[in-house]
$ cat target_33.txt   # compact mmCIF, C-alpha atoms
# COMPACT_ATOMS: atom_id res chain seq x y z
CA MET A 683 -56.07 30.11 -139.46
CA ASN A 684 -58.36 28.12 -137.18
CA ILE A 685 -57.95 24.43 -138.04
CA LEU A 686 -61.56 23.81 -136.95
CA THR A 687 -63.03 26.19 -139.54
CA GLY A 688 -63.89 23.51 -142.05
CA ALA A 689 -64.52 20.70 -139.59
CA THR A 690 -67.91 19.23 -138.81
CA LEU A 691 -68.39 19.84 -135.11
CA PRO A 692 -71.13 19.12 -132.61
CA ARG A 693 -73.33 22.15 -132.00
CA VAL A 694 -71.77 22.82 -128.62
CA LEU A 695 -68.29 23.10 -130.18
CA SER A 696 -69.26 25.18 -133.22
CA PRO A 697 -68.11 28.58 -131.81
CA LEU A 698 -64.52 27.24 -131.81
CA ARG A 699 -64.51 27.67 -135.60
CA GLN A 700 -64.01 31.39 -134.92
CA ARG A 701 -60.40 32.24 -134.17
CA SER A 702 -61.26 35.08 -131.77
CA TYR A 703 -63.55 32.92 -129.70
CA ALA A 704 -61.09 29.99 -129.71
CA LEU A 705 -58.39 32.29 -128.30
CA LEU A 706 -60.77 33.78 -125.73
CA TRP A 707 -61.82 30.29 -124.67
CA ALA A 708 -58.23 29.05 -124.39
CA GLY A 709 -57.12 32.03 -122.31
CA GLN A 710 -60.06 31.86 -119.95
CA THR A 711 -59.60 28.11 -119.55
CA ALA A 712 -56.00 28.64 -118.46
CA SER A 713 -57.00 31.44 -116.09
CA VAL A 714 -59.81 29.47 -114.47
CA LEU A 715 -57.49 26.49 -114.01
CA GLY A 716 -55.18 28.73 -111.99
CA ASP A 717 -58.12 30.15 -110.05
CA ARG A 718 -59.25 26.67 -109.06
CA VAL A 719 -55.77 25.84 -107.83
CA TYR A 720 -55.74 29.08 -105.82
CA ALA A 721 -59.26 28.61 -104.43
CA THR A 722 -58.39 25.13 -103.21
CA ALA A 723 -55.14 26.31 -101.64
CA LEU A 724 -56.51 29.47 -99.98
CA PRO A 725 -58.30 27.84 -97.00
CA PHE A 726 -55.20 25.84 -96.14
CA LEU A 727 -53.01 28.93 -96.60
CA VAL A 728 -55.15 30.74 -94.03
CA PHE A 729 -55.01 27.76 -91.68
CA ALA A 730 -51.22 27.51 -92.09
CA LEU A 731 -50.89 31.19 -91.14
CA GLY A 732 -52.73 30.52 -87.88
CA GLY A 733 -56.25 31.42 -89.00
CA ALA A 734 -59.52 29.55 -88.51
CA ALA A 735 -62.97 29.59 -90.12
CA GLY A 736 -63.60 33.18 -89.04
CA GLN A 737 -60.43 34.44 -90.73
CA LEU A 738 -61.23 32.46 -93.87
CA GLY A 739 -64.70 34.01 -94.01
CA THR A 740 -63.16 37.45 -93.56
CA ALA A 741 -60.69 36.80 -96.41
CA PHE A 742 -63.55 35.94 -98.76
CA ALA A 743 -65.53 38.94 -97.54
CA PHE A 744 -62.58 41.24 -98.29
CA SER A 745 -62.73 40.12 -101.93
CA LEU A 746 -66.44 40.87 -102.16
CA VAL A 747 -66.66 44.31 -100.54
CA PRO A 748 -64.70 46.11 -103.33
CA GLN A 749 -66.93 44.39 -105.88
CA VAL A 750 -70.02 45.71 -104.10
CA ILE A 751 -68.52 49.21 -104.11
CA PHE A 752 -67.14 49.32 -107.66
CA LEU A 753 -69.32 46.99 -109.75
CA LEU A 754 -71.68 49.71 -110.95
CA ALA A 755 -68.76 51.87 -112.01
CA GLY A 756 -67.27 48.81 -113.70
CA GLY A 757 -70.46 48.22 -115.66
CA VAL A 758 -70.62 51.80 -116.93
CA LEU A 759 -66.92 51.80 -117.79
CA THR A 760 -67.09 48.55 -119.75
CA ASP A 761 -69.98 49.91 -121.83
CA ARG A 762 -67.77 52.87 -122.77
CA LEU A 763 -64.28 51.36 -123.21
CA PRO A 764 -63.08 48.41 -125.31
CA ARG A 765 -64.05 45.42 -123.19
CA ARG A 766 -61.05 43.37 -124.25
CA SER A 767 -58.69 46.12 -123.05
CA VAL A 768 -60.43 46.22 -119.66
CA MET A 769 -60.06 42.45 -119.29
CA LEU A 770 -56.38 42.58 -120.28
CA ALA A 771 -55.56 45.28 -117.73
CA CYS A 772 -57.32 43.32 -114.97
CA ASP A 773 -55.48 40.11 -115.88
CA MET A 774 -52.07 41.75 -115.70
CA ALA A 775 -52.83 43.45 -112.39
CA ARG A 776 -53.99 40.21 -110.78
CA ALA A 777 -50.92 38.38 -112.07
CA LEU A 778 -48.69 40.94 -110.36
CA ILE A 779 -50.59 40.70 -107.07
CA LEU A 780 -50.19 36.93 -106.97
CA MET A 781 -46.48 37.15 -107.77
CA VAL A 782 -45.98 39.45 -104.78
CA ILE A 783 -48.01 37.24 -102.41
CA ALA A 784 -46.20 34.09 -103.56
CA ALA A 785 -42.82 35.77 -102.99
CA MET A 786 -43.83 36.95 -99.52
CA LEU A 787 -44.97 33.44 -98.59
CA HIS A 788 -41.76 31.90 -99.92
CA PHE A 789 -39.62 34.25 -97.81
CA GLY A 790 -41.74 33.73 -94.69
CA VAL A 791 -43.05 37.28 -94.32
CA LEU A 792 -46.67 36.70 -95.34
CA ARG A 793 -49.33 37.29 -92.68
CA ILE A 794 -53.11 37.05 -92.69
CA PRO A 795 -53.59 40.86 -93.11
CA HIS A 796 -51.59 40.58 -96.36
CA VAL A 797 -54.03 37.90 -97.53
CA TYR A 798 -56.90 40.28 -96.73
CA ALA A 799 -55.24 43.06 -98.74
CA ALA A 800 -54.67 40.76 -101.73
CA SER A 801 -58.30 39.60 -101.57
CA ALA A 802 -59.49 43.20 -101.57
CA ALA A 803 -57.33 44.01 -104.61
CA PHE A 804 -58.67 40.96 -106.43
CA GLY A 805 -62.20 42.09 -105.68
CA PHE A 806 -61.51 45.55 -107.09
CA PHE A 807 -60.26 44.24 -110.43
CA SER A 808 -63.02 41.62 -110.60
CA ALA A 809 -65.57 44.46 -110.44
CA PHE A 810 -64.34 45.57 -113.87
CA PHE A 811 -63.39 42.19 -115.36
CA HIS A 812 -66.70 40.34 -114.99
CA PRO A 813 -68.99 42.92 -116.67
CA ALA A 814 -66.43 43.23 -119.48
CA ALA A 815 -66.28 39.45 -119.96
CA THR A 816 -70.08 39.14 -120.08
CA GLY A 817 -70.36 41.99 -122.59
CA LEU A 818 -67.47 40.84 -124.78
CA LEU A 819 -68.99 37.52 -125.84
CA PRO A 820 -71.70 38.98 -128.15
CA GLU A 821 -68.90 40.91 -129.90
CA VAL A 822 -67.18 37.61 -130.68
CA VAL A 823 -70.02 35.25 -131.64
CA PRO A 824 -73.47 35.81 -133.23
CA SER A 825 -76.61 35.60 -131.10
CA ASP A 826 -77.65 32.16 -132.38
CA ARG A 827 -74.45 30.69 -130.92
CA LEU A 828 -74.55 32.38 -127.52
CA VAL A 829 -75.87 29.32 -125.67
CA ALA A 830 -73.18 27.12 -127.22
CA ALA A 831 -70.48 29.74 -126.53
CA ASN A 832 -71.57 30.08 -122.90
CA ALA A 833 -71.71 26.30 -122.61
CA LEU A 834 -68.13 26.07 -123.87
CA ARG A 835 -67.06 28.72 -121.40
CA SER A 836 -68.76 26.71 -118.68
CA LEU A 837 -67.04 23.61 -120.05
CA SER A 838 -63.65 25.28 -119.66
CA ILE A 839 -64.53 26.22 -116.09
CA ASP A 840 -65.53 22.65 -115.41
CA LEU A 841 -62.43 21.12 -116.98
CA ALA A 842 -60.34 23.46 -114.87
CA GLY A 843 -62.53 22.60 -111.91
CA ILE A 844 -61.77 18.90 -112.29
CA PHE A 845 -57.99 19.18 -112.47
CA GLY A 846 -57.38 22.45 -110.59
CA PRO A 847 -58.67 21.32 -107.17
CA ILE A 848 -56.73 18.06 -107.39
CA LEU A 849 -53.55 19.98 -108.18
CA GLY A 850 -54.32 22.58 -105.52
CA GLY A 851 -55.06 19.89 -102.96
CA VAL A 852 -51.79 18.07 -103.72
CA LEU A 853 -49.78 21.29 -103.50
CA SER A 854 -51.49 22.30 -100.26
CA ALA A 855 -51.04 18.88 -98.70
CA GLY A 856 -47.38 19.00 -99.74
CA GLY A 857 -46.84 22.35 -98.03
CA ILE A 858 -45.94 24.25 -101.21
CA VAL A 859 -48.81 26.73 -101.40
CA ALA A 860 -46.46 29.38 -102.84
CA LEU A 861 -46.19 27.28 -105.99
CA ALA A 862 -49.98 27.21 -106.28
CA LEU A 863 -50.05 31.02 -106.08
CA GLY A 864 -47.30 31.32 -108.68
CA PHE A 865 -49.15 28.94 -110.99
CA ASP A 866 -52.31 31.08 -110.83
CA SER A 867 -50.23 34.16 -111.60
CA LEU A 868 -48.81 32.49 -114.71
CA THR A 869 -52.29 31.60 -115.97
CA PHE A 870 -53.34 35.25 -115.81
CA VAL A 871 -50.40 36.05 -118.07
CA VAL A 872 -51.48 33.33 -120.52
CA SER A 873 -55.02 34.74 -120.53
CA GLY A 874 -53.66 38.21 -121.30
CA LEU A 875 -51.58 36.94 -124.21
CA CYS A 876 -54.63 35.22 -125.69
CA LEU A 877 -56.63 38.44 -125.42
CA LEU A 878 -53.85 40.29 -127.24
CA ALA A 879 -53.84 37.71 -130.04
CA MET A 880 -57.58 37.95 -130.75
CA GLY A 881 -58.65 39.51 -134.03
CA ARG A 882 -61.13 42.32 -134.55
CA MET A 883 -64.35 42.25 -132.55
CA ARG A 884 -67.86 42.36 -133.96
CA PRO A 885 -68.85 46.06 -133.94
CA ARG A 886 -71.28 47.17 -131.29
CA GLN A 887 -74.70 48.18 -132.56
CA PRO A 888 -76.05 50.99 -130.38
CA ARG A 889 -79.71 51.87 -130.72
CA GLU A 890 -80.39 54.57 -133.25
CA GLY A 891 -80.77 57.99 -131.75
CA ARG A 892 -79.19 57.09 -128.42
CA ARG A 893 -77.23 60.02 -127.04
CA ARG A 894 -74.13 59.51 -124.98
CA GLY A 895 -74.75 61.06 -121.59
CA GLY A 896 -72.79 61.14 -118.38
CA TYR A 897 -72.01 58.24 -116.08
CA ARG A 898 -75.06 58.93 -113.93
CA ARG A 899 -77.37 58.91 -116.94
CA ASP A 900 -75.91 55.65 -118.19
CA LEU A 901 -76.30 54.07 -114.77
CA VAL A 902 -79.91 55.25 -114.38
CA GLU A 903 -80.70 53.77 -117.79
CA GLY A 904 -79.28 50.44 -116.66
CA PHE A 905 -81.47 50.43 -113.54
CA ARG A 906 -84.52 51.30 -115.65
CA LEU A 907 -83.87 48.31 -117.88
CA VAL A 908 -83.67 46.06 -114.83
CA ALA A 909 -86.81 47.53 -113.22
CA ALA A 910 -88.80 47.07 -116.44
CA SER A 911 -88.39 43.26 -116.35
CA GLN A 912 -89.83 41.46 -113.33
CA TRP A 913 -88.01 38.21 -114.14
CA LEU A 914 -84.75 40.16 -113.97
CA TRP A 915 -85.12 42.19 -110.79
CA VAL A 916 -86.82 39.35 -108.91
CA THR A 917 -83.97 36.98 -109.72
CA ILE A 918 -81.37 39.55 -108.64
CA ALA A 919 -83.21 40.02 -105.34
CA LEU A 920 -83.65 36.30 -104.71
CA PHE A 921 -80.02 35.53 -105.40
CA SER A 922 -78.82 38.23 -103.05
CA LEU A 923 -80.48 36.04 -100.40
CA ASP A 924 -79.54 32.67 -101.88
CA ASN A 925 -75.85 33.49 -101.89
CA VAL A 926 -75.99 34.24 -98.16
CA PHE A 927 -76.79 30.56 -97.66
CA PHE A 928 -74.95 29.02 -100.59
CA ALA A 929 -71.58 30.79 -100.63
CA GLY A 930 -70.97 30.24 -96.94
CA SER A 931 -71.80 26.56 -97.28
CA LEU A 932 -69.32 25.94 -100.09
CA GLN A 933 -66.54 28.41 -99.34
CA ILE A 934 -66.41 28.22 -95.54
CA ALA A 935 -68.16 25.11 -94.26
CA LEU A 936 -67.14 22.62 -96.96
CA PRO A 937 -63.34 23.00 -96.45
CA LEU A 938 -63.84 22.45 -92.72
CA LEU A 939 -66.09 19.44 -93.36
CA ALA A 940 -63.37 18.01 -95.59
CA GLN A 941 -60.72 18.64 -92.95
CA GLN A 942 -62.73 17.20 -90.06
CA GLU A 943 -64.70 14.35 -91.69
CA LEU A 944 -63.36 13.51 -95.15
CA GLY A 945 -59.58 13.41 -94.89
CA GLY A 946 -58.21 16.92 -95.46
CA ALA A 947 -56.98 18.92 -98.45
CA ARG A 948 -56.87 16.06 -100.96
CA ALA A 949 -60.42 15.01 -100.11
CA PHE A 950 -61.51 18.63 -100.56
CA GLY A 951 -59.89 18.63 -103.99
CA TYR A 952 -61.69 15.42 -104.98
CA VAL A 953 -65.06 16.84 -103.93
CA LEU A 954 -64.49 20.06 -105.89
CA SER A 955 -63.41 18.03 -108.93
CA SER A 956 -66.61 15.98 -108.71
CA PHE A 957 -68.59 19.21 -108.52
CA ALA A 958 -66.89 20.34 -111.72
CA ALA A 959 -67.53 17.00 -113.43
CA GLY A 960 -71.28 17.35 -112.85
CA SER A 961 -71.17 20.90 -114.13
CA LEU A 962 -69.24 19.80 -117.23
CA LEU A 963 -71.74 17.09 -118.17
CA THR A 964 -74.67 19.47 -117.76
CA ALA A 965 -72.96 22.21 -119.79
CA LEU A 966 -72.29 19.77 -122.64
CA ALA A 967 -75.92 18.65 -122.66
CA LEU A 968 -77.36 22.18 -122.61
CA GLY A 969 -74.88 23.45 -125.20
CA GLN A 970 -75.76 20.63 -127.57
CA LEU A 971 -79.51 21.27 -127.18
CA GLY A 972 -79.21 24.99 -127.89
CA THR A 973 -81.59 27.62 -126.51
CA PRO A 974 -83.95 25.76 -124.15
CA ARG A 975 -87.68 26.31 -123.81
CA ARG A 976 -89.15 27.42 -120.48
CA ARG A 977 -85.85 28.97 -119.45
CA GLY A 978 -87.18 30.25 -116.13
CA VAL A 979 -88.50 26.85 -115.06
CA LEU A 980 -85.24 25.13 -116.00
CA ALA A 981 -83.09 27.71 -114.20
CA TYR A 982 -85.05 27.68 -110.93
CA SER A 983 -85.42 23.91 -110.95
CA GLY A 984 -81.63 23.94 -110.78
CA VAL A 985 -81.84 26.12 -107.66
CA LEU A 986 -84.24 23.68 -106.01
CA VAL A 987 -82.03 20.69 -106.78
CA SER A 988 -78.97 22.52 -105.48
CA GLY A 989 -80.70 23.03 -102.13
CA VAL A 990 -81.61 19.36 -101.85
CA THR A 991 -78.05 18.29 -102.66
CA LEU A 992 -76.64 20.67 -100.04
CA VAL A 993 -78.86 18.95 -97.45
CA LEU A 994 -77.42 15.59 -98.54
CA LEU A 995 -73.87 16.96 -98.55
CA SER A 996 -74.24 18.08 -94.93
CA ARG A 997 -74.60 14.42 -93.90
CA ALA A 998 -71.56 13.12 -95.83
CA THR A 999 -68.94 11.27 -93.82
CA GLU A 1000 -67.06 9.57 -96.68
CA VAL A 1001 -65.28 11.06 -99.68
CA TRP A 1002 -67.24 8.93 -102.17
CA HIS A 1003 -70.54 10.07 -100.68
CA ALA A 1004 -69.60 13.75 -100.78
CA SER A 1005 -68.19 13.39 -104.31
CA LEU A 1006 -71.33 11.72 -105.64
CA VAL A 1007 -73.55 14.45 -104.20
CA ALA A 1008 -71.15 17.09 -105.56
CA VAL A 1009 -71.67 15.80 -109.13
CA VAL A 1010 -75.40 16.54 -108.88
CA LEU A 1011 -74.75 19.84 -107.12
CA GLY A 1012 -72.41 21.02 -109.88
CA GLY A 1013 -74.93 20.13 -112.56
CA SER A 1014 -77.77 21.95 -110.85
CA ILE A 1015 -75.75 25.13 -110.41
CA VAL A 1016 -74.53 25.29 -113.99
CA ALA A 1017 -78.08 24.66 -115.23
CA PHE A 1018 -79.09 27.93 -113.61
CA SER A 1019 -75.99 29.97 -114.43
CA LEU A 1020 -75.76 28.92 -118.09
CA VAL A 1021 -79.43 29.56 -118.80
CA TRP A 1022 -79.34 32.84 -116.91
CA GLU A 1023 -76.26 34.30 -118.59
CA SER A 1024 -77.45 33.34 -122.07
CA THR A 1025 -80.84 34.91 -121.32
CA LEU A 1026 -79.21 38.20 -120.32
CA GLN A 1027 -77.07 38.26 -123.46
CA ASP A 1028 -80.08 37.43 -125.62
CA LEU A 1029 -82.71 39.78 -124.15
CA ILE A 1030 -80.72 42.80 -122.91
CA PRO A 1031 -79.66 45.46 -125.49
CA HIS A 1032 -75.98 44.96 -126.27
CA GLU A 1033 -74.93 48.55 -125.57
CA ALA A 1034 -76.33 48.25 -122.03
CA LEU A 1035 -75.17 44.71 -121.28
CA GLY A 1036 -72.17 45.73 -119.20
CA ARG A 1037 -74.31 47.86 -116.91
CA VAL A 1038 -77.06 45.26 -116.52
CA ALA A 1039 -74.46 42.54 -115.89
CA SER A 1040 -72.85 44.69 -113.19
CA ILE A 1041 -76.22 45.38 -111.53
CA ASP A 1042 -77.00 41.65 -111.69
CA LEU A 1043 -73.68 40.68 -110.14
CA LEU A 1044 -73.88 43.46 -107.55
CA GLY A 1045 -77.28 42.29 -106.42
CA SER A 1046 -76.16 38.68 -106.33
CA ILE A 1047 -73.12 39.35 -104.14
CA SER A 1048 -74.31 42.33 -102.10
CA LEU A 1049 -75.10 40.24 -99.01
CA MET A 1050 -72.37 37.63 -99.50
CA PRO A 1051 -69.84 39.32 -97.18
CA VAL A 1052 -72.40 39.11 -94.37
CA GLY A 1053 -73.19 35.50 -95.30
CA LEU A 1054 -69.53 34.48 -95.33
CA ILE A 1055 -68.84 36.03 -91.96
CA LEU A 1056 -72.00 34.46 -90.49
CA ALA A 1057 -70.97 31.11 -91.97
CA GLY A 1058 -67.62 31.38 -90.21
CA VAL A 1059 -69.38 32.07 -86.91
CA SER A 1060 -71.85 29.23 -87.53
CA VAL A 1061 -69.08 26.74 -88.31
CA ASP A 1062 -67.19 27.67 -85.16
CA ARG A 1063 -70.34 27.34 -83.03
CA PHE A 1064 -72.43 24.58 -84.65
CA GLY A 1065 -69.99 22.80 -86.97
CA PRO A 1066 -69.68 22.61 -90.78
CA GLY A 1067 -72.40 20.00 -91.28
CA ALA A 1068 -75.09 22.08 -89.59
CA THR A 1069 -74.01 25.17 -91.53
CA ILE A 1070 -74.34 23.36 -94.87
CA LEU A 1071 -77.73 21.97 -93.80
CA ILE A 1072 -79.04 25.49 -93.11
CA GLY A 1073 -77.73 26.61 -96.51
CA GLY A 1074 -79.54 23.76 -98.24
CA PHE A 1075 -82.92 24.58 -96.70
CA GLY A 1076 -82.44 28.26 -97.57
CA SER A 1077 -81.80 27.45 -101.24
CA ILE A 1078 -84.88 25.19 -101.38
CA VAL A 1079 -87.10 28.01 -100.13
CA ILE A 1080 -85.64 30.50 -102.60
CA GLY A 1081 -85.98 28.13 -105.57
CA ALA A 1082 -89.62 27.51 -104.70
CA ALA A 1083 -90.24 31.25 -104.36
CA GLY A 1084 -88.89 31.85 -107.87
CA LEU A 1085 -91.03 29.12 -109.42
CA SER A 1086 -94.14 30.55 -107.76
CA LEU A 1087 -93.95 33.68 -109.98
CA GLY A 1088 -95.56 33.73 -113.41
CA SER A 1089 -92.88 36.00 -114.88
CA ILE A 1090 -90.30 33.29 -114.11
CA ARG A 1091 -92.38 30.32 -115.24
CA ASN A 1092 -93.36 32.05 -118.49
CA LEU A 1093 -89.82 33.15 -119.42
CA ALA A 1094 -89.55 31.47 -122.83

$ encode --input "target_33.txt" --output "structure tokens"
Amino acid sequence: MNILTGATLPRVLSPLRQRSYALLWAGQTASVLGDRVYATALPFLVFALGGAAGQLGTAFAFSLVPQVIFLLAGGVLTDRLPRRSVMLACDMARALILMVIAAMLHFGVLRIPHVYAASAAFGFFSAFFHPAATGLLPEVVPSDRLVAANALRSLSIDLAGIFGPILGGVLSAGGIVALALGFDSLTFVVSGLCLLAMGRMRPRQPREGRRRGGYRRDLVEGFRLVAASQWLWVTIALFSLDNVFFAGSLQIALPLLAQQELGGARAFGYVLSSFAAGSLLTALALGQLGTPRRRGVLAYSGVLVSGVTLVLLSRATEVWHASLVAVVLGGSIVAFSLVWESTLQDLIPHEALGRVASIDLLGSISLMPVGLILAGVSVDRFGPGATILIGGFGSIVIGAAGLSLGSIRNLA
């Protein structure tokens, strides 16, 4: 029995009354905590193995290429199979991969090509996990609680983002990256156990008269749904460009900026934790308010603010300065992502949500491998500050482009 069932809770916490959602939330919180530890440790793992910014960009690109290849198949599959089972299988596979990598590092046989291979395997399983996770939530909570449920999921990401980078930075600075990898592996196991313990899901409600066709037919239907909504396909196209600028700035340039200007791995952890703190505060506020009005304006205003804060971050020379800017940056990003994901879950037919989510994610990340590699080249040639500055101006232009469209501004 969920002890919160009879409790009076703030609106943002109300989905926790449901046992299935509480278990899902707990498992994903544990998993994201491990991911944040791993993400903080990965740059310094690559550096310790003799790599530089170019190798780090390649490692991130290796995780994205399988997602680009398999996301559409993942979306179709997760609309056909039990989504919880897909998530469970992906969690267990990723736990095993990390155990192997941690063991290889401990025994001194790990090399950068092994990191590339592990990144590629992670990308493959992520192509199936993310559409399943997006589609599972409406099976767990009713539609009037989707914003609060997404806000809580964002809250768990942010809580993990506060403590995970600090822990990852401490472990990396202490030279025990293998322990960070093992910790992430354990959190995948915890997530899997929580998925197993969940009760029955809300039944899917397919549209009446819909015939089950082949994979190609299902995929074509998903693309038709996207093409029929300008706000949807425009945003997918814009974010394929935005992530070229944004991902390289945060994943490639920021670790180098921390290493060269801010004090190293611990400083990097503090900045990431500040980013998560800003995201957490924004998620709490949006979750408490419920479904916002003018969703398109709110989402793209977040994109504009994120670009401005990247420009400010590029000039940071002290940890406190970078951390303060990161608070605003985290809030602006979660404002977009929370509004966007809730809008998809609210407006897209449930039986097609996995496919649309996979098309959305595919479009968003399709150019990221190129952006990450270019960011590595840019950092090596121009430095991390200049690379982040370019990313900030790119995000400002893209946010303004989105707000210039009536279909975005009028998205209620």

$ residues_around --input "target_33.txt" --residues "Leu986 (chain A)" --least-positions-apart "6" --cutoff "8 Å" --atoms "all atoms listed in the file" --output "list in words"
Ser1077, Ile1078, Val1079, Ile1080, Gly1081 and Ala1082 of chain A

$ closest_residue --input "target_33.txt" --among "A:Gly1067, A:Gly960, A:Pro764, A:Gly790" --to "Val1009 (chain A)" --atoms "all atoms listed in the file"
A:Gly960

$ atom_distance --input "target_33.txt" --atom1 "CA of Val1016 (chain A)" --atom2 "CA of Phe870 (chain A)"
23.5 Å

$ closest_residue --input "target_33.txt" --among "A:Ala1039, A:Val993, A:Ala842, A:Leu1085" --to "Leu753 (chain A)" --atoms "all atoms listed in the file"
A:Ala1039

$ residues_around --input "target_33.txt" --residues "Pro725 (chain A)" --least-positions-apart "6" --cutoff "12 Å" --atoms "all atoms listed in the file" --output "VMD selection string"
chain A and resid 719 731 to 742 794 797 850 to 851 854 to 855 859 932 to 938 940 to 941 946 to 947 950 to 951

$ atom_distance --input "target_33.txt" --atom1 "CA of Thr869 (chain A)" --atom2 "CA of Asp773 (chain A)"
9.1 Å

$ atom_distance --input "target_33.txt" --atom1 "CA of Phe921 (chain A)" --atom2 "CA of Ser1046 (chain A)"
5.1 Å

$ closest_residue --input "target_33.txt" --among "A:Pro813, A:Gly1084, A:Gly945, A:Gly846" --to "Glu1000 (chain A)" --atoms "only C-alpha atoms"
A:Gly945

$ axis_aligned_box --input "target_33.txt" --around "region 928-940 of chain A" --padding-each-side "5 Å" --output "lines of an AutoDock Vina configuration file"
center_x = -69.1
center_y = 24.4
center_z = -96.7
size_x = 21.6
size_y = 22.8
size_z = 17.9

$ residues_around --input "target_33.txt" --residues "Leu1049 (chain A)" --least-positions-apart "5" --cutoff "12 Å" --atoms "all atoms listed in the file" --output "PyMOL selection string"
chain A and resi 743+746-747+749-750+918-930+1043-1044+1054-1056

$ decode --input "target_33.txt" --residues "region 700-715 of chain A" --atoms "C-alpha atoms" --output "PDB file, in the first residue's frame"
ATOM      1  CA  GLN A 700      -0.299   5.795  -7.183  1.00  0.00           C
ATOM      2  CA  ARG A 701       1.913   2.852  -6.287  1.00  0.00           C
ATOM      3  CA  SER A 702       2.910   2.109  -9.893  1.00  0.00           C
ATOM      4  CA  TYR A 703       4.018   5.654 -10.530  1.00  0.00           C
ATOM      5  CA  ALA A 704       5.838   5.877  -7.176  1.00  0.00           C
ATOM      6  CA  LEU A 705       7.848   2.761  -8.092  1.00  0.00           C
ATOM      7  CA  LEU A 706       8.540   4.039 -11.604  1.00  0.00           C
ATOM      8  CA  TRP A 707       9.687   7.362 -10.183  1.00  0.00           C
ATOM      9  CA  ALA A 708      11.934   5.735  -7.583  1.00  0.00           C
ATOM     10  CA  GLY A 709      13.588   3.437 -10.112  1.00  0.00           C
ATOM     11  CA  GLN A 710      14.189   6.172 -12.649  1.00  0.00           C
ATOM     12  CA  THR A 711      15.571   8.454  -9.942  1.00  0.00           C
ATOM     13  CA  ALA A 712      18.128   5.816  -8.980  1.00  0.00           C
ATOM     14  CA  SER A 713      19.040   5.188 -12.615  1.00  0.00           C
ATOM     15  CA  VAL A 714      19.478   8.868 -13.444  1.00  0.00           C
ATOM     16  CA  LEU A 715      21.640   9.335 -10.356  1.00  0.00           C
TER      17      LEU A 715
END
